[in-house]
Amino acid sequence: MSAPRIALVHERFTEYGGSEAVVAEFMKTWPGAPVFAPIADAECTRTLLTAAGPSIETDSTATGLVYDTWLSRAYSASGRRSHAPLLPFVPGTLRNLPLDGEYDAVVVSHHAFATQAVFATTAPVIAYVHSPARWAWDSAFRAREAGGRAGQAILMALGALARRNELRAAPRLAHVVANSQAVADRVRDWWGLPASVVNPPVRVDRFSPDPRIDREDFFLFAGRLVPYKRPDLAILAARRAGVRLVILGDGRYRRQLEALAGPETTFLGAASDEVLQDMYRRCRALLMPGVEDFGIVPVEAMACGAPVLAVGEGGALDTVVPGISGEHIPTGSDDSVVAGFARVMRDFDPADHHPETIRNHAVTFSPEAFRSRIADIVSRNSR
């Protein structure tokens with residue numbers, strides 16, 4: 001039996017993050033499958049090809065595996081300052097991708113617009129959904145991300161476009177795969193569709209415990225410093241509990257966070273995987289105060305044997321098992337969440353959670369497990 005002919009679609013390659021890592025695993029699952037994206041920055045594309053593994057050449061000729069559109073030239077001409085002004089043009093370019101006639105299935109990596117590729121092909125389209133556009137559907141999320149009245153107005157207009165396009169495309173999809181149960185619930189509530197759940201791949205092989213290193217007397221927040229991750233709640237909880245907090249990461253929210261922080265909080269900025277692993281091994285626990293679609297950082301921490309304290313909502317319900325890999329903090333108002341974190345942090349003993357058990361739980365989110373699950377779903381939904 002011949003291998004299925006698969007095409008891959010992603011919304012943009014402008015920086016490399018969790019969703020781009022998913023596309024790299026798609027490329028490993030279906031070697032040689034072309035990858036289509038409206039915007040593809042050359043540097044990000046090279047990182048993608050390197051992540052896809054030794055079977056993919058990383059010289060300039062290999063970028064022929066990734067097919068972009070005129071929007072890439074527009075992005076480059078702007079000095080790569082921001083992809084945001086180009087977003088209104090993304091749905092149309094996706095609907096006109098050269099996808100018809102030769103593929104057994106098209107697999108799309110969706111954040112807000114990628115499902116528009118369903119209008120460019122007669123092949124079955126399987127959507128791997130990182131989330132329906134939260135800034136389009138969730139007004140509270142949009143308000144936190146907008147950054148002022150002008151940003152709010154722009155996001156409202158883009159949100160109306162994203163909602164309309166997502167709802168037009170949804171009935172044409174052959175199958176929807178959500179990256180967490182929380183995202184599957186959004187797909188059900190916002191699109192009116194059922195979804196399978198396949199958690200995204202986490203490179204647990206890059207992170208491991210070290211029994212020679214003792215846990216130290218600090219909690220850790222790691223990740224981009226952006227509003228939806230709620231590092232502000234971690235800072236306020238550390239102050240209320242009177243415990244040390246280390247913040248690893250950088251982003252547009254950093255200045256406001258530094259103004260909010262007390263002497264118990266230390267900012268270390270962005271760091272390499274080596275520094276990140278060292279901090280995972282030393283912290284009392286990792287804090288996850290924001291509601292994530294899934295959350296790769298908590299699984300990396302678990303791979304190092306670190307327990308995770310997470311608000312009990314979103315992707316944390318898939319990854320944090322109370323009493324095993326960490327603890328859930330009850331949801332509620334900001335003040336109640338801060339109080340909940342502070343209460344647990346004040347008396348938290350990492351010895352109550354066994355590092356080997358935590359590590360074994362993290363391994364269930366490996367890339368190998370991801371590739372096996374997604375390949376099975378696509379095979380069952382191909383023509």
# chains A, B, ... in the order shown; residues from 1 in each chain; ligands from 1

$ closest_atom_pairs --of "segment 256-302 of chain A" --to "segment 179-202 of chain A" --cutoff "12 Å" --atoms "only C-alpha atoms" --output "tab-separated table"
residue	atom	partner	partner_atom	distance
A:Val291	CA	A:Ala182	CA	9.7
A:Glu292	CA	A:Ala182	CA	9.0
A:Asp293	CA	A:Val183	CA	6.3
A:Phe294	CA	A:Ser180	CA	5.7
A:Gly295	CA	A:Pro200	CA	9.0
A:Ile296	CA	A:Val202	CA	6.3
A:Val297	CA	A:Val202	CA	8.7
A:Pro298	CA	A:Val202	CA	9.9
A:Val299	CA	A:Val202	CA	7.0
A:Glu300	CA	A:Val202	CA	7.1
A:Ala301	CA	A:Val202	CA	10.7
A:Met302	CA	A:Val202	CA	10.8

$ closest_atom_pairs --of "segment 19-41 of chain A" --to "segment 107-130 of chain A" --cutoff "10 Å" --atoms "only C-alpha atoms" --output "tab-separated table"
residue	atom	partner	partner_atom	distance
A:Ser19	CA	A:His130	CA	7.2
A:Glu20	CA	A:Ser109	CA	8.7
A:Val22	CA	A:Ser109	CA	8.0
A:Val23	CA	A:Ser109	CA	7.2
A:Phe26	CA	A:Val107	CA	8.6
A:Val35	CA	A:Val108	CA	9.5
A:Phe36	CA	A:Val108	CA	9.3
A:Ala37	CA	A:Ala114	CA	8.7
A:Pro38	CA	A:Ala114	CA	9.4

$ write_last_selection --atoms "N, CA and C atoms" --output "PDB file, in the first residue's frame"
ATOM      1  N   SER A  19       3.445  25.939  18.031  1.00  0.00           N
ATOM      2  CA  SER A  19       2.680  25.464  16.879  1.00  0.00           C
ATOM      3  C   SER A  19       3.603  25.124  15.708  1.00  0.00           C
ATOM      4  N   GLU A  20       4.721  25.840  15.590  1.00  0.00           N
ATOM      5  CA  GLU A  20       5.687  25.506  14.549  1.00  0.00           C
ATOM      6  C   GLU A  20       6.358  24.168  14.848  1.00  0.00           C
ATOM      7  N   VAL A  22       4.837  21.712  16.200  1.00  0.00           N
ATOM      8  CA  VAL A  22       3.842  20.736  15.743  1.00  0.00           C
ATOM      9  C   VAL A  22       4.004  20.480  14.248  1.00  0.00           C
ATOM     10  N   VAL A  23       4.195  21.544  13.457  1.00  0.00           N
ATOM     11  CA  VAL A  23       4.383  21.376  12.015  1.00  0.00           C
ATOM     12  C   VAL A  23       5.647  20.563  11.737  1.00  0.00           C
ATOM     13  N   PHE A  26       4.697  17.105  12.052  1.00  0.00           N
ATOM     14  CA  PHE A  26       3.949  16.694  10.860  1.00  0.00           C
ATOM     15  C   PHE A  26       4.915  16.322   9.737  1.00  0.00           C
ATOM     16  N   VAL A  35       4.693  22.025   2.477  1.00  0.00           N
ATOM     17  CA  VAL A  35       4.136  22.864   3.536  1.00  0.00           C
ATOM     18  C   VAL A  35       3.772  24.218   2.930  1.00  0.00           C
ATOM     19  N   PHE A  36       2.512  24.619   3.075  1.00  0.00           N
ATOM     20  CA  PHE A  36       2.033  25.882   2.516  1.00  0.00           C
ATOM     21  C   PHE A  36       1.744  26.860   3.659  1.00  0.00           C
ATOM     22  N   ALA A  37       2.167  28.102   3.474  1.00  0.00           N
ATOM     23  CA  ALA A  37       1.898  29.150   4.466  1.00  0.00           C
ATOM     24  C   ALA A  37       1.829  30.493   3.767  1.00  0.00           C
ATOM     25  N   PRO A  38       0.850  31.321   4.073  1.00  0.00           N
ATOM     26  CA  PRO A  38       0.780  32.648   3.451  1.00  0.00           C
ATOM     27  C   PRO A  38       2.029  33.489   3.685  1.00  0.00           C
TER      28      PRO A  38
END

$ select_by_dssp --residues "segment 195-327 of chain A" --states "alpha helix (DSSP H)" --output "JSON, numbers by chain"
{"A": [231, 232, 233, 234, 235, 236, 237, 238, 239, 240, 241, 254, 255, 256, 257, 258, 259, 260, 273, 274, 275, 276, 277, 278, 279, 280, 281, 282, 296, 297, 298, 299, 300, 301, 302, 303, 316, 317, 318, 319]}

$ select_by_dssp --residues "segment 87-198 of chain A" --states "strand (DSSP E or B)" --output "PyMOL selection string"
chain A and resi 105-110+125-129+175-178+196-197

$ atom_distance --atom1 "atom CA of Ser139 of chain A" --atom2 "atom CA of Leu161 of chain A"
14.6 Å

$ atom_distance --atom1 "atom CA of Tyr16 of chain A" --atom2 "atom CA of Leu94 of chain A"
20.2 Å

$ closest_residue --among "A:Gly17, A:Ser72, A:Pro132, A:Asp205" --to "Val176 of chain A" --atoms "only C-alpha atoms"
A:Pro132

$ closest_residue --among "A:Gly53, A:Ile377, A:Ala362, A:Asp68" --to "Ala178 of chain A" --atoms "only C-alpha atoms"
A:Ile377

$ atom_distance --atom1 "atom CA of Pro98 of chain A" --atom2 "atom CA of Ala74 of chain A"
19.9 Å

$ closest_residue --among "A:Ile374, A:Ala259, A:Ala153, A:Val90" --to "Glu11 of chain A" --atoms "only C-alpha atoms"
A:Val90

$ residues_around --residues "Ala52 of chain A" --least-positions-apart "2" --cutoff "6 Å" --atoms "only C-alpha atoms" --output "ChimeraX atom specification"
/A:24,28,49-50

$ write_last_selection --atoms "C-alpha atoms" --output "mmCIF file, in the first residue's frame"
data_model
loop_
_atom_site.group_PDB
_atom_site.id
_atom_site.type_symbol
_atom_site.label_atom_id
_atom_site.label_comp_id
_atom_site.auth_asym_id
_atom_site.auth_seq_id
_atom_site.Cartn_x
_atom_site.Cartn_y
_atom_site.Cartn_z
ATOM 1 C CA ALA A 24 7.928 19.995 12.334
ATOM 2 C CA LYS A 28 8.532 13.894 10.294
ATOM 3 C CA LEU A 49 13.586 22.517 8.621
ATOM 4 C CA THR A 50 16.294 21.922 11.209
#

$ residues_around --residues "Glu216 of chain A" --least-positions-apart "6" --cutoff "7 Å" --atoms "only C-alpha atoms" --output "JSON, numbers by chain"
{"A": [282, 283, 284]}

$ write_last_selection --atoms "N, CA and C atoms" --output "CSV table (one decimal), in the first residue's frame"
chain,number,residue,atom,x,y,z
A,282,ARG,N,16.0,22.9,39.9
A,282,ARG,CA,16.2,23.5,41.2
A,282,ARG,C,15.0,24.1,41.9
A,283,CYS,N,14.0,24.5,41.2
A,283,CYS,CA,12.8,25.2,41.8
A,283,CYS,C,12.0,24.2,42.7
A,284,ARG,N,11.3,24.9,43.6
A,284,ARG,CA,10.4,24.1,44.4
A,284,ARG,C,9.2,23.6,43.6
